[in-house]
file work_16.csv (CSV, C-alpha atoms)
chain,number,residue,atom,x,y,z
Y,1,MET,CA,0.0,0.0,0.0
Y,2,LYS,CA,1.4,3.4,-0.9
Y,3,TYR,CA,0.8,6.5,1.2
Y,4,MET,CA,0.6,10.1,0.3
Y,5,LEU,CA,0.4,13.2,2.4
Y,6,ILE,CA,-2.7,15.4,2.3
Y,7,GLY,CA,-4.0,18.3,4.4
Y,8,VAL,CA,-6.2,16.5,6.9
Y,9,TRP,CA,-7.8,19.6,8.3
Y,10,THR,CA,-9.4,20.4,5.0
Y,11,PHE,CA,-11.2,17.0,4.7
Y,12,CYS,CA,-11.7,15.9,8.3
Y,13,PRO,CA,-14.6,18.2,9.3
Y,14,SER,CA,-16.7,16.9,6.4
Y,15,ALA,CA,-15.5,13.4,5.7
Y,16,ILE,CA,-12.6,11.5,7.3
Y,17,LEU,CA,-13.0,12.9,10.9
Y,18,ALA,CA,-16.8,12.7,10.8
Y,19,GLN,CA,-16.7,9.0,9.9
Y,20,THR,CA,-14.0,8.3,12.5
Y,21,VAL,CA,-16.0,10.0,15.2
Y,22,SER,CA,-19.2,8.2,14.2
Y,23,ASP,CA,-17.6,4.8,14.2
Y,24,ALA,CA,-15.8,5.3,17.5
Y,25,GLY,CA,-18.9,6.8,19.2
Y,26,VAL,CA,-16.9,9.9,20.4
Y,27,THR,CA,-18.8,12.6,22.1
Y,28,ASP,CA,-16.4,14.5,24.4
Y,29,PRO,CA,-14.2,17.3,23.0
Y,30,ALA,CA,-11.0,16.0,24.5
Y,31,THR,CA,-11.3,12.7,22.7
Y,32,PHE,CA,-12.4,14.4,19.6
Y,33,ALA,CA,-9.3,16.6,19.6
Y,34,ALA,CA,-7.1,13.6,20.2
Y,35,LEU,CA,-8.5,11.9,17.2
Y,36,ARG,CA,-8.2,15.0,15.1
Y,37,ASN,CA,-4.5,15.2,16.0
Y,38,ASP,CA,-3.8,11.5,15.3
Y,39,VAL,CA,-0.4,12.0,13.8
Y,40,SER,CA,1.3,9.0,15.4
Y,41,PRO,CA,3.7,6.9,13.4
Y,42,ALA,CA,0.9,4.3,13.2
Y,43,SER,CA,-1.3,6.7,11.4
Y,44,GLY,CA,1.5,7.7,9.0
Y,45,GLY,CA,0.9,11.4,9.6
Y,46,PHE,CA,2.8,14.1,11.4
Y,47,SER,CA,2.2,17.6,12.8
Y,48,VAL,CA,4.2,20.7,12.7
Y,49,ASN,CA,4.1,23.8,14.8
Y,50,CYS,CA,3.4,27.2,13.2
Y,51,THR,CA,3.1,30.8,14.2
Y,52,ILE,CA,0.7,33.5,12.9
Y,53,LYS,CA,2.3,36.9,12.1
Y,54,PRO,CA,1.3,40.1,10.3
Y,55,LEU,CA,1.7,39.9,6.5
Y,56,GLN,CA,3.9,43.0,6.7
Y,57,ALA,CA,5.3,45.3,9.3
Y,58,VAL,CA,5.8,48.6,7.5
Y,59,GLU,CA,8.1,51.1,9.2
Y,60,VAL,CA,7.1,54.7,8.4
Y,61,SER,CA,9.8,57.3,8.1
Y,62,VAL,CA,9.9,61.0,7.5
Y,63,PRO,CA,11.3,62.5,4.3
Y,64,LEU,CA,13.2,65.2,6.2
Y,65,PRO,CA,14.1,65.7,9.9
Y,66,GLY,CA,11.9,67.9,12.1
Y,67,ILE,CA,9.9,68.2,15.3
Y,68,VAL,CA,6.6,66.5,15.5
Y,69,SER,CA,3.9,69.1,16.0
Y,70,GLU,CA,0.8,66.9,16.1
Y,71,VAL,CA,0.0,63.2,16.1
Y,72,PHE,CA,-3.5,62.2,14.8
Y,73,VAL,CA,-3.5,58.5,15.7
Y,74,ARG,CA,-2.7,56.2,18.6
Y,75,PRO,CA,-1.3,52.7,19.0
Y,76,GLY,CA,-3.8,50.0,18.1
Y,77,MET,CA,-5.8,52.1,15.7
Y,78,LYS,CA,-6.8,50.8,12.3
Y,79,VAL,CA,-5.8,53.1,9.5
Y,80,GLU,CA,-6.4,53.1,5.8
Y,81,VAL,CA,-4.0,54.0,3.0
Y,82,GLY,CA,-3.5,57.8,2.9
Y,83,ALA,CA,-4.8,58.5,6.4
Y,84,PRO,CA,-2.8,61.2,8.1
Y,85,LEU,CA,-0.6,59.9,10.9
Y,86,LEU,CA,1.2,63.0,12.1
Y,87,THR,CA,2.7,66.4,11.0
Y,88,LEU,CA,6.0,68.0,11.5
Y,89,ASP,CA,6.5,71.7,12.5
Y,90,ASP,CA,6.4,73.9,9.4
Y,91,THR,CA,7.6,77.2,10.9
Y,92,MET,CA,10.9,77.5,9.1
Y,93,LEU,CA,9.6,76.1,5.8
Y,94,ARG,CA,6.7,78.6,5.8
Y,95,ARG,CA,9.2,81.4,6.0
Y,96,GLU,CA,11.2,79.8,3.1
Y,97,PHE,CA,8.1,79.5,1.1
Y,98,ALA,CA,7.1,83.1,1.6
Y,99,LEU,CA,10.6,84.2,0.6
Y,100,ALA,CA,10.5,82.0,-2.5
Y,101,GLU,CA,7.1,83.4,-3.5
Y,102,ALA,CA,8.4,86.9,-3.1
Y,103,ARG,CA,11.4,86.2,-5.4
Y,104,ALA,CA,9.2,84.6,-8.0
Y,105,SER,CA,6.9,87.6,-8.1
Y,106,ALA,CA,9.5,90.3,-8.0
Y,107,THR,CA,9.5,91.7,-11.5
Y,108,ALA,CA,11.1,95.1,-10.9
Y,109,VAL,CA,14.5,94.1,-12.2
Y,110,MET,CA,12.9,92.5,-15.2
Y,111,ASP,CA,10.8,95.6,-15.9
Y,112,ALA,CA,13.9,97.8,-15.7
Y,113,ALA,CA,15.9,95.6,-18.0
Y,114,THR,CA,13.1,95.5,-20.5
Y,115,THR,CA,12.8,99.3,-20.5
Y,116,ARG,CA,16.5,99.7,-20.9
Y,117,ARG,CA,16.5,97.2,-23.8
Y,118,ASP,CA,13.7,99.0,-25.5
Y,119,GLY,CA,15.5,102.4,-25.2
Y,120,LEU,CA,18.8,100.9,-26.6
Y,121,ALA,CA,16.9,99.3,-29.5
Y,122,GLN,CA,15.6,102.8,-30.5
Y,123,LYS,CA,19.0,104.2,-30.2
Y,124,ALA,CA,20.6,101.5,-32.3
Y,125,ARG,CA,17.9,102.1,-35.0
Y,126,ARG,CA,18.6,105.9,-35.1
Y,127,LEU,CA,22.3,105.4,-35.3
Y,128,GLY,CA,21.9,102.8,-38.0
Y,129,GLN,CA,20.0,105.4,-40.1
Y,130,ALA,CA,22.7,108.0,-39.3
Y,131,ARG,CA,25.4,105.6,-40.4
Y,132,ALA,CA,23.6,105.0,-43.7
Y,133,ARG,CA,23.9,108.7,-44.3
Y,134,ASN,CA,27.5,108.6,-43.2
Y,135,ALA,CA,26.6,111.0,-40.4
Y,136,ILE,CA,28.4,108.9,-37.7
Y,137,SER,CA,31.3,106.5,-37.7
Y,138,VAL,CA,31.1,102.8,-37.9
Y,139,ALA,CA,32.5,102.5,-34.4
Y,140,GLU,CA,29.7,104.5,-32.9
Y,141,HIS,CA,27.0,102.3,-34.6
Y,142,GLU,CA,28.8,99.1,-33.5
Y,143,ALA,CA,29.0,100.3,-29.9
Y,144,ALA,CA,25.2,100.9,-29.9
Y,145,VAL,CA,24.5,97.5,-31.3
Y,146,LEU,CA,26.8,95.9,-28.7
Y,147,GLU,CA,25.1,97.8,-25.9
Y,148,LEU,CA,21.7,96.5,-27.1
Y,149,ALA,CA,23.0,92.9,-27.2
Y,150,ILE,CA,24.2,93.2,-23.6
Y,151,ALA,CA,20.7,94.5,-22.6
Y,152,GLU,CA,19.1,91.5,-24.3
Y,153,GLY,CA,21.4,89.2,-22.2
Y,154,ASP,CA,20.4,91.0,-19.0
Y,155,ILE,CA,16.8,90.2,-19.8
Y,156,SER,CA,17.5,86.6,-20.5
Y,157,ARG,CA,19.4,86.3,-17.2
Y,158,GLU,CA,16.6,87.9,-15.3
Y,159,ARG,CA,14.0,85.6,-17.0
Y,160,GLU,CA,16.1,82.6,-15.9
Y,161,ALA,CA,16.3,83.9,-12.4
Y,162,LEU,CA,12.5,84.3,-12.2
Y,163,ALA,CA,12.0,80.7,-13.6
Y,164,LEU,CA,14.4,79.4,-10.9
Y,165,ALA,CA,12.5,81.3,-8.2
Y,166,ARG,CA,9.2,79.7,-9.4
Y,167,LEU,CA,10.9,76.3,-9.2
Y,168,GLU,CA,12.1,77.1,-5.7
Y,169,THR,CA,8.6,78.0,-4.7
Y,170,GLU,CA,7.3,74.6,-6.0
Y,171,ARG,CA,10.2,72.8,-4.2
Y,172,VAL,CA,9.5,74.4,-0.9
Y,173,GLY,CA,5.7,73.8,-1.4
Y,174,ALA,CA,6.4,70.1,-2.0
Y,175,MET,CA,8.4,70.0,1.2
Y,176,LEU,CA,5.6,71.6,3.1
Y,177,ASP,CA,3.2,69.0,1.8
Y,178,SER,CA,5.6,66.2,2.9
Y,179,LEU,CA,5.5,67.4,6.5
Y,180,VAL,CA,2.1,65.6,6.8
Y,181,ILE,CA,3.0,62.0,7.1
Y,182,ASN,CA,0.3,59.7,5.7
Y,183,SER,CA,-0.2,56.0,6.0
Y,184,PRO,CA,1.4,54.0,3.1
Y,185,VAL,CA,-0.8,50.9,3.8
Y,186,SER,CA,-3.9,49.8,5.5
Y,187,GLY,CA,-3.3,48.1,8.9
Y,188,VAL,CA,-3.0,48.5,12.6
Y,189,LEU,CA,-0.6,50.9,14.3
Y,190,GLY,CA,2.1,49.4,16.6
Y,191,GLU,CA,3.2,50.7,20.0
Y,192,ASP,CA,6.4,52.4,18.7
Y,193,LEU,CA,4.6,55.6,17.7
Y,194,ILE,CA,6.4,58.9,18.1
Y,195,ASN,CA,5.0,61.5,20.4
Y,196,THR,CA,4.3,65.2,19.9
Y,197,GLY,CA,7.4,67.3,20.5
Y,198,GLU,CA,9.8,64.6,19.7
Y,199,ALA,CA,12.4,64.9,17.0
Y,200,ALA,CA,11.9,62.8,13.9
Y,201,GLY,CA,15.0,61.9,11.9
Y,202,ARG,CA,16.6,58.7,10.7
Y,203,GLU,CA,14.5,56.4,12.9
Y,204,HIS,CA,11.0,55.4,11.9
Y,205,VAL,CA,8.2,57.3,13.5
Y,206,ALA,CA,5.5,54.5,13.4
Y,207,THR,CA,5.0,50.9,12.5
Y,208,ILE,CA,1.9,49.7,10.7
Y,209,TYR,CA,1.1,46.0,10.8
Y,210,VAL,CA,-0.8,44.6,7.8
Y,211,ASN,CA,-3.0,41.8,9.3
Y,212,GLN,CA,-5.3,41.0,6.4
Y,213,PRO,CA,-4.3,38.5,5.3
Y,214,LEU,CA,-2.1,37.1,8.0
Y,215,ARG,CA,1.1,35.2,7.4
Y,216,VAL,CA,1.4,31.7,8.8
Y,217,GLU,CA,4.9,30.2,9.2
Y,218,ALA,CA,5.0,26.4,9.5
Y,219,PHE,CA,8.2,24.8,10.7
Y,220,VAL,CA,8.5,21.6,8.7
Y,221,PRO,CA,11.1,18.9,9.5
Y,222,SER,CA,13.6,18.9,6.6
Y,223,ALA,CA,13.2,15.1,6.1
Y,224,ARG,CA,9.4,15.6,5.6
Y,225,PHE,CA,9.6,18.7,3.5
Y,226,GLY,CA,9.2,17.1,0.1
Y,227,GLY,CA,5.9,15.3,1.0
Y,228,PHE,CA,4.6,18.3,2.9
Y,229,VAL,CA,4.8,20.7,0.0
Y,230,GLU,CA,3.1,18.3,-2.4
Y,231,GLN,CA,-0.2,18.6,-0.5
Y,232,GLY,CA,-2.9,20.3,-2.4
Y,233,GLU,CA,-4.7,21.9,0.5
Y,234,TYR,CA,-3.7,23.0,4.0
Y,235,SER,CA,-5.5,23.9,7.2
Y,236,ILE,CA,-4.4,24.9,10.7
Y,237,VAL,CA,-5.7,24.7,14.3
Y,238,VAL,CA,-5.4,28.0,16.1
Y,239,ASN,CA,-4.6,28.1,19.9
Y,240,GLY,CA,-5.5,24.4,20.3
Y,241,ASP,CA,-9.1,24.8,19.2
Y,242,ALA,CA,-9.4,21.5,17.4
Y,243,PHE,CA,-13.1,22.2,16.5
Y,244,ASP,CA,-12.2,25.2,14.4
Y,245,ALA,CA,-9.9,24.4,11.5
Y,246,ARG,CA,-8.8,27.3,9.3
Y,247,ARG,CA,-7.9,26.9,5.7
Y,248,VAL,CA,-4.6,28.6,4.6
Y,249,ASP,CA,-3.2,29.2,1.2
Y,250,PHE,CA,0.3,28.2,0.3
Y,251,ASP,CA,2.6,31.2,-0.3
Y,252,TYR,CA,6.2,30.1,-0.6
Y,253,ALA,CA,8.9,28.1,1.1
Y,254,ALA,CA,12.2,29.3,2.5
Y,255,GLN,CA,15.2,28.5,0.4
Y,256,LEU,CA,17.4,27.5,3.3
Y,257,ALA,CA,16.8,25.2,6.2
Y,258,ASP,CA,17.4,26.2,9.8
Y,259,LEU,CA,20.3,23.9,10.9
Y,260,ALA,CA,19.7,24.4,14.6
Y,261,SER,CA,16.2,22.9,14.4
Y,262,ASN,CA,16.6,21.0,11.2
Y,263,THR,CA,13.4,22.5,9.8
Y,264,ILE,CA,12.4,24.5,6.8
Y,265,SER,CA,9.9,27.4,7.1
Y,266,VAL,CA,6.9,27.2,4.8
Y,267,PHE,CA,4.7,30.3,4.6
Y,268,PHE,CA,1.0,30.5,4.0
Y,269,ARG,CA,-1.7,33.2,4.0
Y,270,LEU,CA,-4.7,33.2,6.3
Y,271,ASN,CA,-7.8,35.3,5.8
Y,272,ALA,CA,-9.3,35.4,9.3
Y,273,PRO,CA,-10.2,38.8,10.7
Y,274,ASP,CA,-11.0,37.3,14.1
Y,275,VAL,CA,-7.5,35.7,14.5
Y,276,LEU,CA,-4.8,37.9,16.2
Y,277,PRO,CA,-1.2,38.0,15.2
Y,278,GLY,CA,1.0,36.1,17.6
Y,279,SER,CA,-1.5,33.2,18.0
Y,280,LYS,CA,0.0,29.7,18.1
Y,281,CYS,CA,-1.1,27.1,15.6
Y,282,THR,CA,-0.5,23.6,14.5
Y,283,MET,CA,-0.8,22.0,11.1
Y,284,ALA,CA,-1.2,18.2,10.7
Y,285,THR,CA,-1.0,15.7,7.9
Y,286,MET,CA,-2.3,12.2,7.7
Y,287,ALA,CA,-1.2,9.3,5.4
Y,288,VAL,CA,-4.1,8.1,3.2
Y,289,ALA,CA,-4.0,5.0,1.1
Y,290,ASP,CA,-4.1,5.0,-2.7
Y,291,ALA,CA,-7.5,4.8,-4.4
Y,292,PRO,CA,-8.5,1.4,-5.6
Y,293,GLY,CA,-6.7,0.3,-8.7
Y,294,GLY,CA,-3.5,2.3,-7.8
Y,295,ASP,CA,0.0,0.9,-8.0
Y,296,ALA,CA,0.6,-0.7,-4.6
Y,297,ASP,CA,4.3,-1.0,-5.3
Y,298,GLY,CA,4.8,2.7,-5.9

call {"tool": "encode", "arguments": {"input": "work_16.csv", "output": "C-alpha cells"}}
result
Amino acid sequence: MKYMLIGVWTFCPSAILAQTVSDAGVTDPATFAALRNDVSPASGGFSVNCTIKPLQAVEVSVPLPGIVSEVFVRPGMKVEVGAPLLTLDDTMLRREFALAEARASATAVMDAATTRRDGLAQKARRLGQARARNAISVAEHEAAVLELAIAEGDISREREALALARLETERVGAMLDSLVINSPVSGVLGEDLINTGEAAGREHVATIYVNQPLRVEAFVPSARFGGFVEQGEYSIVVNGDAFDARRVDFDYAAQLADLASNTISVFFRLNAPDVLPGSKCTMATMAVADAPGGDADG
C-alpha cells in the first residue's frame, strides 16, 4: 500500500473525521481533539508547529528631519491608505516658502531691464539710419549694437532667475506638503509611535502591521519537506481549538533550512479577521491509502 500526504484539516470536518467519530462513538471534546491530532507513526501522519504573524510590518519614516507638532492617531488604531498619521513643525519652511514666492513675483529688475533694452533698441535704429547717411562713424554704430546685445542678455538672465524662483517655490511647497505623514498601507498601528514634541529623523516614527491577510509560518522537518509541500490543501488549528480548522493558502517556502532545528519554514496566507497575530497554531498531515486500482508497489 502506498501513502501520500494530504491536508487533513481540509477534509476531516466533512468526511474523514466525521466518519471516525461516528464509528468510535466519540462525544467528548477531549477525545475528539485527540482523534483530530492523530499524527502518530501508526497513522502515517505528522504535525508541525506554526506561528501567525502580520503579513507585513511597515516602518514609516519622514522625508526630512523635524519636530513632531501633532499626532493624529494612537497605537492599536486601524488606519487606511492615505490616512494622516502626524505632522512636523512647518515654521521654518513657511518662511522659506514666503521668501521663494516673493522672489518669484519680484519683476522690478525684469521691468527695468526691458525698459533699458527698448531704449537701446531705438538708439541703435537711429544710429543705423545715421550711419547709412555717413553721419556717424562705424564704431559709434557698432557700440550701440553691442550695448543692445548686452541689454538682451540681461533680460535673458533675469528671465532665468524668475524661472528658478518659481521652481524654488514649487520645491518648498512640496516640502511643506511632505510634512504631513500619511499611512502608506492599511493596517494596525504598533506601539512604537512617536510623540508630539519629539524629533523625527533617521529612525522610523511609526510601524503599521498589515494583518489582512495574516502570514502563517510552519516549521516543517527537513526530512518531511518534500511530501509536505506536495499537498494540495492545508489547514491549521489556532490556539489548540481542534473544532475550528482554518484553511490557509500556500505562499512560498524558505530557500534554506534552519540547521539548529533541522526545519524548513513554509509560509501561508490566512484570511481570518478574528485571529490575532501572535497566535500559536499547529498543522497536521495524515497518510491516506491510494485509491482502488492504484499501483501498490509505488

call {"tool": "residues_around", "arguments": {"input": "work_16.csv", "residues": "Glu70 of chain Y", "least_positions_apart": "5", "cutoff": "6 Å", "atoms": "all atoms listed in the file", "output": "count of residues only"}}
result
3

call {"tool": "residues_near_point", "arguments": {"input": "work_16.csv", "point": "(15.2, 60.0, 15.6)", "cutoff": "10 Å", "atoms": "all atoms listed in the file", "output": "list in words"}}
result
Ser61, Val62, Pro65, Gly66, Ile67, Ile194, Glu198, Ala199, Ala200, Gly201, Arg202, Glu203, His204 and Val205 of chain Y

call {"tool": "closest_residue", "arguments": {"input": "work_16.csv", "among": "Y:Thr263, Y:Met175, Y:Glu80, Y:Leu214", "to": "Pro63 of chain Y", "atoms": "all atoms listed in the file"}}
result
Y:Met175

call {"tool": "atom_distance", "arguments": {"input": "work_16.csv", "atom1": "atom CA of Ile155 of chain Y", "atom2": "atom CA of Arg117 of chain Y"}}
result
8.1 Å

call {"tool": "closest_residue", "arguments": {"input": "work_16.csv", "among": "Y:Leu88, Y:Ala132, Y:Ser137, Y:Ser178", "to": "Phe72 of chain Y", "atoms": "all atoms listed in the file"}}
result
Y:Leu88

call {"tool": "closest_residue", "arguments": {"input": "work_16.csv", "among": "Y:Ile52, Y:Leu270, Y:Ser235, Y:Phe243", "to": "Ala284 of chain Y", "atoms": "only C-alpha atoms"}}
result
Y:Ser235

call {"tool": "atom_distance", "arguments": {"input": "work_16.csv", "atom1": "atom CA of Ala151 of chain Y", "atom2": "atom CA of Ala102 of chain Y"}}
result
24.3 Å

call {"tool": "closest_residue", "arguments": {"input": "work_16.csv", "among": "Y:Ser183, Y:Asn271, Y:Thr169, Y:Thr115", "to": "Val216 of chain Y", "atoms": "only C-alpha atoms"}}
result
Y:Asn271

call {"tool": "closest_residue", "arguments": {"input": "work_16.csv", "among": "Y:Ala121, Y:Leu256, Y:Ala112, Y:Leu164", "to": "Leu146 of chain Y", "atoms": "only C-alpha atoms"}}
result
Y:Ala121

call {"tool": "residues_near_point", "arguments": {"input": "work_16.csv", "point": "(9.0, 90.1, -13.3)", "cutoff": "12 Å", "atoms": "all atoms listed in the file", "output": "list in words"}}
result
Ala102, Arg103, Ala104, Ser105, Ala106, Thr107, Ala108, Val109, Met110, Asp111, Ala112, Ala113, Thr114, Ile155, Ser156, Arg157, Glu158, Arg159, Glu160, Ala161, Leu162, Ala163, Ala165 and Arg166 of chain Y

call {"tool": "closest_residue", "arguments": {"input": "work_16.csv", "among": "Y:Leu99, Y:Cys50, Y:Val81, Y:Ile264", "to": "Val172 of chain Y", "atoms": "all atoms listed in the file"}}
result
Y:Leu99

call {"tool": "atom_distance", "arguments": {"input": "work_16.csv", "atom1": "atom CA of Asn211 of chain Y", "atom2": "atom CA of Val71 of chain Y"}}
result
22.7 Å

call {"tool": "residues_around", "arguments": {"input": "work_16.csv", "residues": "Asp251 of chain Y", "least_positions_apart": "2", "cutoff": "10 Å", "atoms": "only C-alpha atoms", "output": "ChimeraX atom specification"}}
result
/Y:215-217,248-249,253,266-269

call {"tool": "write_last_selection", "arguments": {"input": "work_16.csv", "atoms": "C-alpha atoms", "output": "compact mmCIF listing (two decimals), in the coordinates of the input"}}
result
# COMPACT_ATOMS: atom_id res chain seq x y z
CA ARG Y 215 1.10 35.20 7.40
CA VAL Y 216 1.40 31.70 8.80
CA GLU Y 217 4.90 30.20 9.20
CA VAL Y 248 -4.60 28.60 4.60
CA ASP Y 249 -3.20 29.20 1.20
CA ALA Y 253 8.90 28.10 1.10
CA VAL Y 266 6.90 27.20 4.80
CA PHE Y 267 4.70 30.30 4.60
CA PHE Y 268 1.00 30.50 4.00
CA ARG Y 269 -1.70 33.20 4.00

call {"tool": "decode", "arguments": {"input": "work_16.csv", "residues": "segment 228-241 of chain Y", "atoms": "N, CA, C and O atoms", "output": "PDB file, in the first residue's frame"}}
result
ATOM      1  N   PHE Y 228       5.461  17.222   2.325  1.00  0.00           N
ATOM      2  CA  PHE Y 228       4.589  18.273   2.878  1.00  0.00           C
ATOM      3  C   PHE Y 228       4.155  19.255   1.803  1.00  0.00           C
ATOM      4  O   PHE Y 228       2.983  19.610   1.704  1.00  0.00           O
ATOM      5  N   VAL Y 229       5.102  19.703   0.993  1.00  0.00           N
ATOM      6  CA  VAL Y 229       4.766  20.734   0.007  1.00  0.00           C
ATOM      7  C   VAL Y 229       3.987  20.177  -1.172  1.00  0.00           C
ATOM      8  O   VAL Y 229       3.468  20.954  -1.981  1.00  0.00           O
ATOM      9  N   GLU Y 230       3.879  18.851  -1.288  1.00  0.00           N
ATOM     10  CA  GLU Y 230       3.103  18.271  -2.377  1.00  0.00           C
ATOM     11  C   GLU Y 230       1.614  18.244  -2.073  1.00  0.00           C
ATOM     12  O   GLU Y 230       0.809  17.909  -2.944  1.00  0.00           O
ATOM     13  N   GLN Y 231       1.230  18.576  -0.848  1.00  0.00           N
ATOM     14  CA  GLN Y 231      -0.188  18.600  -0.520  1.00  0.00           C
ATOM     15  C   GLN Y 231      -0.916  19.656  -1.347  1.00  0.00           C
ATOM     16  O   GLN Y 231      -0.382  20.727  -1.632  1.00  0.00           O
ATOM     17  N   GLY Y 232      -2.150  19.379  -1.666  1.00  0.00           N
ATOM     18  CA  GLY Y 232      -2.926  20.333  -2.434  1.00  0.00           C
ATOM     19  C   GLY Y 232      -3.629  21.357  -1.579  1.00  0.00           C
ATOM     20  O   GLY Y 232      -3.874  22.479  -2.005  1.00  0.00           O
ATOM     21  N   GLU Y 233      -3.965  21.006  -0.337  1.00  0.00           N
ATOM     22  CA  GLU Y 233      -4.713  21.901   0.532  1.00  0.00           C
ATOM     23  C   GLU Y 233      -4.142  21.814   1.945  1.00  0.00           C
ATOM     24  O   GLU Y 233      -3.630  20.772   2.354  1.00  0.00           O
ATOM     25  N   TYR Y 234      -4.267  22.927   2.668  1.00  0.00           N
ATOM     26  CA  TYR Y 234      -3.705  22.996   4.009  1.00  0.00           C
ATOM     27  C   TYR Y 234      -4.707  23.683   4.944  1.00  0.00           C
ATOM     28  O   TYR Y 234      -5.441  24.581   4.528  1.00  0.00           O
ATOM     29  N   SER Y 235      -4.683  23.248   6.204  1.00  0.00           N
ATOM     30  CA  SER Y 235      -5.485  23.904   7.235  1.00  0.00           C
ATOM     31  C   SER Y 235      -4.699  23.912   8.532  1.00  0.00           C
ATOM     32  O   SER Y 235      -3.780  23.111   8.726  1.00  0.00           O
ATOM     33  N   ILE Y 236      -5.058  24.814   9.418  1.00  0.00           N
ATOM     34  CA  ILE Y 236      -4.382  24.925  10.710  1.00  0.00           C
ATOM     35  C   ILE Y 236      -5.409  24.939  11.833  1.00  0.00           C
ATOM     36  O   ILE Y 236      -6.585  25.222  11.618  1.00  0.00           O
ATOM     37  N   VAL Y 237      -4.948  24.606  13.037  1.00  0.00           N
ATOM     38  CA  VAL Y 237      -5.734  24.740  14.257  1.00  0.00           C
ATOM     39  C   VAL Y 237      -5.101  25.852  15.076  1.00  0.00           C
ATOM     40  O   VAL Y 237      -3.898  25.828  15.339  1.00  0.00           O
ATOM     41  N   VAL Y 238      -5.903  26.851  15.434  1.00  0.00           N
ATOM     42  CA  VAL Y 238      -5.397  28.036  16.120  1.00  0.00           C
ATOM     43  C   VAL Y 238      -5.628  27.916  17.621  1.00  0.00           C
ATOM     44  O   VAL Y 238      -6.746  27.614  18.062  1.00  0.00           O
ATOM     45  N   ASN Y 239      -4.555  28.130  18.383  1.00  0.00           N
ATOM     46  CA  ASN Y 239      -4.615  28.114  19.855  1.00  0.00           C
ATOM     47  C   ASN Y 239      -5.267  26.852  20.409  1.00  0.00           C
ATOM     48  O   ASN Y 239      -5.999  26.877  21.396  1.00  0.00           O
ATOM     49  N   GLY Y 240      -5.020  25.722  19.743  1.00  0.00           N
ATOM     50  CA  GLY Y 240      -5.487  24.443  20.259  1.00  0.00           C
ATOM     51  C   GLY Y 240      -6.953  24.158  20.096  1.00  0.00           C
ATOM     52  O   GLY Y 240      -7.448  23.153  20.611  1.00  0.00           O
ATOM     53  N   ASP Y 241      -7.690  25.006  19.383  1.00  0.00           N
ATOM     54  CA  ASP Y 241      -9.119  24.785  19.195  1.00  0.00           C
ATOM     55  C   ASP Y 241      -9.324  23.811  18.042  1.00  0.00           C
ATOM     56  O   ASP Y 241      -9.463  24.197  16.891  1.00  0.00           O
TER      57      ASP Y 241
END
